[in-house]
Amino acid sequence: MKKILILIVAVSLSSCAEMQQVLNQLPQTQGIGGVDIAGGLKEALNNGISKQVTKLTAVDGFYRNEAVKILLPEELRKVDTGLRRIGLSSLADEGLKVLNRAAEDAVKEATPIFVDAVRNMTFMDAKSILMGNESSATTYLQNSTSTALYGKFNPVIKNSFTKVGADKVWANIITKYNSIPLINKVNPDLTDYVTNQALNGVFKMVAVEEKNIRTNISSRTSILLQKVFAMQDKN
């Protein structure tokens with residue numbers, strides 16, 4: 001059954017129907033008055049994944065989203081400035097774009113890891129998350145998945161650099177920059193940097209949906225969400 005579950009969720013992050021099918025199979029945890037607290041939290045997290053995180057997998061999902069757009073690390077800001085100073089602004093722009101493209105590609109790998117984390121949620125986890133702050137569910141997901149996501153994202157980012165042409169673009173950028181007279185040469189680890197930035201972007205988007213559900217009653221689009229988060233409202 002576990003192998004079937006992994007196969008289903010690995011097909012595509014963008015398939016909300018498949019994600020919901022998997023979550024529906026997870027064990028339910030009844031709370032006060034028979035309200036399924038864990039089920040409501042799972043649905044809220046699923047909304048964060050299906051409505052928000054999937055946006056990051058589209059073209060420009062990172063690049064055109066100012067909340068998560070990957071900017072250059074501090075070490076490379078001088079590279080950007082140096083290239084623009086010698087008339088290579090288009091190359092500098094392309095370098096930034098391909099970093100974001102690699103992140104968009106990697107986020108497609110997140111779904112199976114998220115599902116495992118949600119499946120392992122206990123009643124005590126669910127209760128503390130529900131009565132916690134506006135990002136408690138996101139924090140639970142972050143604490144439960146960050147290590148696994150890094151391990152999954154990092155090789156994907158590395159492969160994505162080749163897939164989207166980022167390796168060639170940045171080899172060209174670094175070569176041109178290092179050839180500028182009287183500058184300190186650079187050789188950054190972009191794979192690690194983009195991996196961490198992609199992770200930050202994923203959790204930011206989950207947090208957006210969680211806050212929305214917690215604070216906006218109209219965003220509780222199912223009876224279960226309404227019942228579960230009504231309990232939070234009364235707290």
# chains A, B, ... in the order shown; residues from 1 in each chain; ligands from 1
>>> select_by_dssp(residues="range 68-109 of chain A", states="helix (DSSP H, G or I)", output="ChimeraX atom specification")
/A:74-85,89-109
>>> residues_around(residues="Leu224 in chain A", least_positions_apart="5", cutoff="10 Å", atoms="only C-alpha atoms", output="PyMOL selection string")
chain A and resi 35-37+39-41+43-44+229-230
>>> residues_around(residues="range 158-167 of chain A", least_positions_apart="6", cutoff="10 Å", atoms="only C-alpha atoms", output="list of chain:residue names")
A:Glu94, A:Gly95, A:Leu96, A:Lys97, A:Val98, A:Leu99, A:Asn100, A:Arg101, A:Ala102, A:Ala103, A:Glu104, A:Asp105, A:Ala106, A:Ile173, A:Leu190, A:Thr191, A:Asp192, A:Val194, A:Thr195
>>> residues_around(residues="range 131-148 of chain A", least_positions_apart="4", cutoff="8 Å", atoms="only C-alpha atoms", output="PyMOL selection string")
chain A and resi 41+45+113-114+117-118+127+152+199+203+206-207+210-211+214+232+235
